[in-house]
Amino acid sequence: MADLVVIAGRTLGIDTDAALDRIDLEAAQAALDEAGGPALALGVTPTDSSAAAAAGARLVRALLRRPPFSGPGGQQLAVVAGLQFLSLNGWRADLEPPATAAVVVEALAS
């Protein structure tokens, strides 16, 4: 949860206190539980790269389905949290071309 607040602050361009004021804790917990619960902690490395990819996709999808922050920036937060998770697990995102990245995010959201 703390990682999500920090990521949200940076993504939304607000300080940590403002992010704490804006977060819907129930929605955030529901999204994290849906994505994988405690085993998904952003600093925990899955046992293999395919597990990390699947966990990252579940995280993005859950944050899109249950946005913990109201207002603009929810999709960006979901993508940044997922990319951060993947980065911590040795993945490098290639978001080119941008239209393809947008299609993937929309597919996850649906």
# chains A, B, ... in the order shown; residues from 1 in each chain; ligands from 1

call {"tool": "residues_around", "arguments": {"residues": "Pro67 in chain A", "least_positions_apart": "6", "cutoff": "8 Å", "atoms": "only C-alpha atoms", "output": "PyMOL selection string"}}
result
chain A and resi 27-28+31+74

call {"tool": "closest_residue", "arguments": {"among": "A:Val103, A:Ala81, A:Pro68, A:Ala53", "to": "Arg22 in chain A", "atoms": "only C-alpha atoms"}}
result
A:Pro68

call {"tool": "residues_around", "arguments": {"residues": "Val5 in chain A", "least_positions_apart": "5", "cutoff": "10 Å", "atoms": "only C-alpha atoms", "output": "list in words"}}
result
Arg10, Thr11, Asp15, Thr16, Asp17, Ala18, Ala19, Leu20, Asp21, Arg22, Ile23, Ala28, Pro68, Phe69 and Leu77 of chain A

call {"tool": "select_by_dssp", "arguments": {"residues": "range 28-105 of chain A", "states": "helix (DSSP H, G or I)", "output": "number ranges by chain"}}
result
A: 28-35, 37-40, 49-65, 74-88, 98-105

call {"tool": "closest_residue", "arguments": {"among": "A:Ala2, A:Gly71, A:Gly82, A:Ala8", "to": "Ala35 in chain A", "atoms": "only C-alpha atoms"}}
result
A:Gly82
